[in-house]
Amino acid sequence: MNPNPSLDSELLARYLTGEADDAQRRAVEDWCAAAPENARELERMRVVWDLGGEASSAEGPDVDRAWHRLRMRIAEEDGRGRVRPIGGAPLGLWRWMAAAAVIAGLVFAARWFTRPGPIEHLARAEAVQVLLADSSRCVLAPGARIEERMGARREVRLQGRAYFEVRRDAQRPFTVEAGELDVTVLGTAFEVTAHDTSALLTVRVRSGRVRVEAGGDRLELGAREHAVYHRERHVLERRPAPPAESWGLRVLHFENATLAQVVAHLERSHGVRIMLMNDRVAACRLTAEFDDEPIDSILEVIAGTFGLEVQRTADGSYFLQGDGC
């Protein structure tokens, strides 16, 4: 039986580096058990892989040196008469196969040794803005931590809460791994919350589309959609966005929100006290977005929209008064 040519070479590389998961390891081991040639082929690749690791340096594998060592080894084996064709194959074919194995192994080794290492970012007591290596942007909430690896793939591992504005790259999807959640995008703005001790993991999408996978389920989310994963029940579900949301540091979005909801949100985001003088004012509904605007500017916009008056007291509190809606 001939070796199976359809087995993915990247899968063999993951197996040799110990990165394969249980299903991938079983696939390689079943492939080896199917024919002695397959097992020998994997063993040759393992030897070549080890050779590439010994020859590696900051400049990558030395292909010429590895090829010379292989030729010397074949010559030595010829002199001792220990090289034999496999299954009646000519000796030249055997050498060609060995050479192909060396080249494939060195390619795999080059990928591995030139793979960029992870870069860690941590927010301690305050939120931190981060410019990632691919020019995407991220805001880490206090206590959040990410590891980014930007190469042929764009991968981020998250603990805590983080808001991402991803630079579009159709050739390299952007993936966030956060506990049981995997979030994949091309270019969009979204937030992931994945605290180690939380029973719920959440994804919120500000713009674009993302794919969320968890517990064997998958959801496609668009702008102003949420996904929640219940750890104990292993359930991933879609939820609508609330009328008032914050993004990053101080990007505020209100969608048909009552002024009562708007004021409660502004008090939390800006640390101020805002009072509405009557129920008619509280019932007015606002649709607007503010990108890191000071509280005075926001309240002036609201007042101008509904014909209200803004007053500020000596202690820094604000009053919104008028006829209402």
# chains A, B, ... in the order shown; residues from 1 in each chain; ligands from 1
>>> residues_around(residues="A:Tyr15", least_positions_apart="4", cutoff="9 Å", atoms="only C-alpha atoms", output="list in words")
Glu10, Leu11, Glu19, Ala20, Asp21, Gln24, Arg25 and Val28 of chain A
>>> closest_residue(among="A:Leu12, A:Gln311, A:Ala123, A:His195", to="A:Cys32", atoms="only C-alpha atoms")
A:Leu12
>>> residues_around(residues="A:Ile146", least_positions_apart="2", cutoff="10 Å", atoms="only C-alpha atoms", output="list in words")
Pro118, Ile119, Glu120, His121, Leu122, Ala123, Cys138, Leu140, Ala144, Glu148, Arg149, Val156, Arg157, Leu158, Gln159, Gly160, Arg161, Ala162, Val176, Glu177 and Ala178 of chain A
>>> atom_distance(atom1="atom CA of A:Arg239", atom2="atom CA of A:Glu220")
11.9 Å
>>> atom_distance(atom1="atom CA of A:Leu131", atom2="atom CA of A:Pro243")
29.2 Å
>>> select_by_dssp(residues="stretch 154-293 of chain A", states="strand (DSSP E)", output="compact mmCIF listing (two decimals) with N, CA and C atoms, in the first residue's frame")
# COMPACT_ATOMS: atom_id res chain seq x y z
N ARG A 154 -3.74 36.15 12.31
CA ARG A 154 -3.87 37.17 13.36
C ARG A 154 -4.65 36.54 14.51
N GLU A 155 -3.97 36.31 15.62
CA GLU A 155 -4.58 35.58 16.73
C GLU A 155 -4.38 36.37 18.03
N VAL A 156 -5.44 36.45 18.83
CA VAL A 156 -5.38 37.11 20.13
C VAL A 156 -6.02 36.19 21.16
N ARG A 157 -5.36 36.04 22.29
CA ARG A 157 -5.92 35.30 23.43
C ARG A 157 -6.26 36.31 24.52
N LEU A 158 -7.50 36.27 25.02
CA LEU A 158 -8.01 37.30 25.94
C LEU A 158 -8.45 36.70 27.26
N GLN A 159 -8.12 37.43 28.34
CA GLN A 159 -8.72 37.20 29.65
C GLN A 159 -9.26 38.55 30.12
N GLY A 160 -10.55 38.60 30.45
CA GLY A 160 -11.15 39.85 30.88
C GLY A 160 -12.02 40.45 29.79
N ARG A 161 -12.07 41.79 29.74
CA ARG A 161 -12.93 42.48 28.77
C ARG A 161 -12.09 43.39 27.89
N ALA A 162 -12.34 43.34 26.58
CA ALA A 162 -11.58 44.16 25.65
C ALA A 162 -12.45 44.53 24.47
N TYR A 163 -12.24 45.76 23.97
CA TYR A 163 -12.92 46.27 22.79
C TYR A 163 -11.92 46.33 21.64
N PHE A 164 -12.31 45.81 20.47
CA PHE A 164 -11.41 45.73 19.32
C PHE A 164 -11.98 46.52 18.14
N GLU A 165 -11.11 47.27 17.47
CA GLU A 165 -11.39 47.84 16.17
C GLU A 165 -10.39 47.23 15.20
N PHE A 174 -9.06 37.69 11.66
CA PHE A 174 -8.64 38.07 13.01
C PHE A 174 -9.44 37.22 13.98
N THR A 175 -8.76 36.47 14.84
CA THR A 175 -9.43 35.54 15.75
C THR A 175 -9.11 35.90 17.20
N VAL A 176 -10.15 35.95 18.03
CA VAL A 176 -10.00 36.15 19.47
C VAL A 176 -10.42 34.87 20.17
N GLU A 177 -9.51 34.30 20.95
CA GLU A 177 -9.83 33.15 21.79
C GLU A 177 -10.01 33.65 23.22
N ALA A 178 -11.19 33.42 23.79
CA ALA A 178 -11.51 33.92 25.12
C ALA A 178 -12.26 32.84 25.89
N LEU A 181 -14.91 30.72 24.14
CA LEU A 181 -15.35 31.46 22.96
C LEU A 181 -14.23 31.57 21.92
N ASP A 182 -14.61 31.42 20.65
CA ASP A 182 -13.75 31.77 19.52
C ASP A 182 -14.51 32.77 18.66
N VAL A 183 -13.94 33.95 18.45
CA VAL A 183 -14.57 35.01 17.67
C VAL A 183 -13.69 35.30 16.47
N THR A 184 -14.25 35.23 15.26
CA THR A 184 -13.49 35.43 14.03
C THR A 184 -14.11 36.55 13.22
N VAL A 185 -13.25 37.48 12.74
CA VAL A 185 -13.72 38.62 11.95
C VAL A 185 -12.72 38.91 10.84
N ALA A 189 -15.76 46.27 14.51
CA ALA A 189 -15.57 46.76 15.86
C ALA A 189 -16.48 45.96 16.78
N PHE A 190 -15.90 45.40 17.84
CA PHE A 190 -16.69 44.54 18.73
C PHE A 190 -16.01 44.46 20.09
N GLU A 191 -16.73 43.93 21.06
CA GLU A 191 -16.21 43.76 22.41
C GLU A 191 -16.44 42.33 22.87
N VAL A 192 -15.46 41.78 23.58
CA VAL A 192 -15.56 40.44 24.16
C VAL A 192 -15.33 40.56 25.66
N THR A 193 -16.18 39.91 26.44
CA THR A 193 -16.02 39.86 27.90
C THR A 193 -15.92 38.40 28.30
N ALA A 194 -14.77 38.02 28.90
CA ALA A 194 -14.54 36.61 29.25
C ALA A 194 -13.70 36.55 30.52
N LEU A 200 -21.04 33.79 32.55
CA LEU A 200 -21.45 34.20 31.21
C LEU A 200 -20.27 34.81 30.46
N LEU A 201 -20.14 34.46 29.19
CA LEU A 201 -19.18 35.09 28.29
C LEU A 201 -19.99 35.84 27.22
N THR A 202 -19.59 37.07 26.90
CA THR A 202 -20.40 37.87 25.99
C THR A 202 -19.58 38.44 24.84
N VAL A 203 -20.25 38.62 23.71
CA VAL A 203 -19.69 39.30 22.55
C VAL A 203 -20.70 40.35 22.11
N ARG A 204 -20.24 41.60 21.91
CA ARG A 204 -21.10 42.68 21.43
C ARG A 204 -20.48 43.24 20.15
N VAL A 205 -21.30 43.45 19.14
CA VAL A 205 -20.80 43.95 17.85
C VAL A 205 -21.27 45.38 17.64
N ARG A 206 -20.30 46.27 17.43
CA ARG A 206 -20.64 47.67 17.13
C ARG A 206 -20.87 47.86 15.64
N SER A 207 -20.00 47.28 14.79
CA SER A 207 -20.13 47.40 13.35
C SER A 207 -19.53 46.18 12.68
N VAL A 210 -19.28 39.34 12.80
CA VAL A 210 -18.35 38.41 13.43
C VAL A 210 -18.99 37.03 13.50
N ARG A 211 -18.15 36.02 13.58
CA ARG A 211 -18.61 34.66 13.80
C ARG A 211 -18.18 34.23 15.21
N VAL A 212 -19.14 33.76 15.99
CA VAL A 212 -18.88 33.34 17.37
C VAL A 212 -19.12 31.85 17.46
N GLU A 213 -18.15 31.12 18.05
CA GLU A 213 -18.26 29.68 18.24
C GLU A 213 -17.99 29.34 19.70
N ALA A 214 -18.83 28.49 20.27
CA ALA A 214 -18.66 28.05 21.65
C ALA A 214 -19.55 26.84 21.91
N ASP A 217 -21.67 25.26 19.21
CA ASP A 217 -22.63 26.11 18.51
C ASP A 217 -21.91 27.24 17.78
N ARG A 218 -22.59 27.82 16.80
CA ARG A 218 -22.02 28.91 16.02
C ARG A 218 -23.11 29.94 15.72
N LEU A 219 -22.74 31.23 15.84
CA LEU A 219 -23.64 32.33 15.50
C LEU A 219 -22.91 33.35 14.65
N GLU A 220 -23.64 33.94 13.69
CA GLU A 220 -23.14 35.07 12.92
C GLU A 220 -23.83 36.32 13.47
N LEU A 221 -23.04 37.29 13.91
CA LEU A 221 -23.60 38.50 14.50
C LEU A 221 -23.33 39.70 13.62
N GLU A 225 -25.74 43.55 17.64
CA GLU A 225 -26.21 42.25 18.12
C GLU A 225 -25.23 41.73 19.16
N HIS A 226 -25.77 40.95 20.09
CA HIS A 226 -24.97 40.37 21.17
C HIS A 226 -25.07 38.85 21.12
N ALA A 227 -24.04 38.18 21.64
CA ALA A 227 -24.10 36.75 21.89
C ALA A 227 -23.67 36.49 23.33
N VAL A 228 -24.36 35.57 23.99
CA VAL A 228 -24.05 35.22 25.37
C VAL A 228 -23.86 33.70 25.44
N TYR A 229 -22.75 33.28 26.05
CA TYR A 229 -22.49 31.85 26.24
C TYR A 229 -22.62 31.52 27.73
N HIS A 230 -23.50 30.56 28.03
CA HIS A 230 -23.72 30.11 29.41
C HIS A 230 -22.78 28.93 29.68
N VAL A 235 -24.60 26.69 26.46
CA VAL A 235 -25.56 27.21 25.49
C VAL A 235 -25.08 28.57 24.99
N LEU A 236 -25.08 28.74 23.66
CA LEU A 236 -24.75 30.02 23.03
C LEU A 236 -26.02 30.61 22.45
N GLU A 237 -26.37 31.83 22.84
CA GLU A 237 -27.62 32.42 22.37
C GLU A 237 -27.42 33.87 21.93
N ARG A 238 -28.30 34.29 21.01
CA ARG A 238 -28.28 35.66 20.48
C ARG A 238 -29.18 36.55 21.33
N ARG A 239 -28.73 37.80 21.55
CA ARG A 239 -29.55 38.75 22.29
C ARG A 239 -29.52 40.11 21.58
N PRO A 240 -30.62 40.86 21.65
CA PRO A 240 -30.63 42.20 21.06
C PRO A 240 -29.82 43.17 21.92
N ALA A 244 -28.87 51.71 25.31
CA ALA A 244 -27.70 52.53 25.64
C ALA A 244 -26.48 51.62 25.81
N GLU A 245 -25.39 51.93 25.08
CA GLU A 245 -24.18 51.11 25.14
C GLU A 245 -22.94 52.00 25.16
N SER A 246 -21.86 51.49 25.79
CA SER A 246 -20.55 52.13 25.77
C SER A 246 -19.57 51.23 25.05
N TRP A 247 -18.62 51.86 24.31
CA TRP A 247 -17.58 51.12 23.58
C TRP A 247 -16.22 51.73 23.90
N VAL A 251 -16.87 55.87 23.94
CA VAL A 251 -17.75 55.93 22.78
C VAL A 251 -19.13 55.49 23.26
N LEU A 252 -20.12 56.38 23.17
CA LEU A 252 -21.46 56.11 23.69
C LEU A 252 -22.44 56.06 22.53
N HIS A 253 -23.28 55.03 22.53
CA HIS A 253 -24.30 54.90 21.49
C HIS A 253 -25.67 54.75 22.14
N PHE A 254 -26.61 55.59 21.68
CA PHE A 254 -27.99 55.54 22.17
C PHE A 254 -28.91 55.30 20.98
N GLU A 255 -29.76 54.30 21.10
CA GLU A 255 -30.68 53.92 20.02
C GLU A 255 -32.10 53.95 20.57
N ASN A 256 -32.83 55.04 20.27
CA ASN A 256 -34.20 55.21 20.76
C ASN A 256 -34.28 55.04 22.28
N ALA A 257 -33.26 55.57 22.97
CA ALA A 257 -33.21 55.46 24.43
C ALA A 257 -33.94 56.63 25.07
N THR A 258 -34.66 56.38 26.16
CA THR A 258 -35.29 57.47 26.89
C THR A 258 -34.19 58.31 27.55
N ILE A 274 -26.73 63.99 37.15
CA ILE A 274 -27.60 64.69 36.21
C ILE A 274 -29.04 64.48 36.65
N MET A 275 -29.80 65.56 36.76
CA MET A 275 -31.19 65.46 37.21
C MET A 275 -32.12 65.98 36.13
N LEU A 276 -33.22 65.25 35.92
CA LEU A 276 -34.27 65.65 34.98
C LEU A 276 -35.42 66.24 35.80
N ARG A 285 -36.95 60.56 23.73
CA ARG A 285 -36.12 59.45 23.23
C ARG A 285 -35.03 59.98 22.30
N LEU A 286 -33.82 59.45 22.51
CA LEU A 286 -32.64 59.94 21.79
C LEU A 286 -31.97 58.81 21.01
N THR A 287 -31.59 59.10 19.75
CA THR A 287 -30.73 58.23 18.95
C THR A 287 -29.52 59.06 18.53
N ALA A 288 -28.37 58.71 19.06
CA ALA A 288 -27.15 59.50 18.79
C ALA A 288 -25.94 58.69 19.23
N GLU A 289 -24.76 59.09 18.73
CA GLU A 289 -23.49 58.49 19.15
C GLU A 289 -22.50 59.61 19.46
N PHE A 290 -21.78 59.46 20.57
CA PHE A 290 -20.80 60.43 21.01
C PHE A 290 -19.45 59.73 21.16
N ASP A 291 -18.44 60.26 20.49
CA ASP A 291 -17.11 59.65 20.49
C ASP A 291 -16.19 60.47 21.39
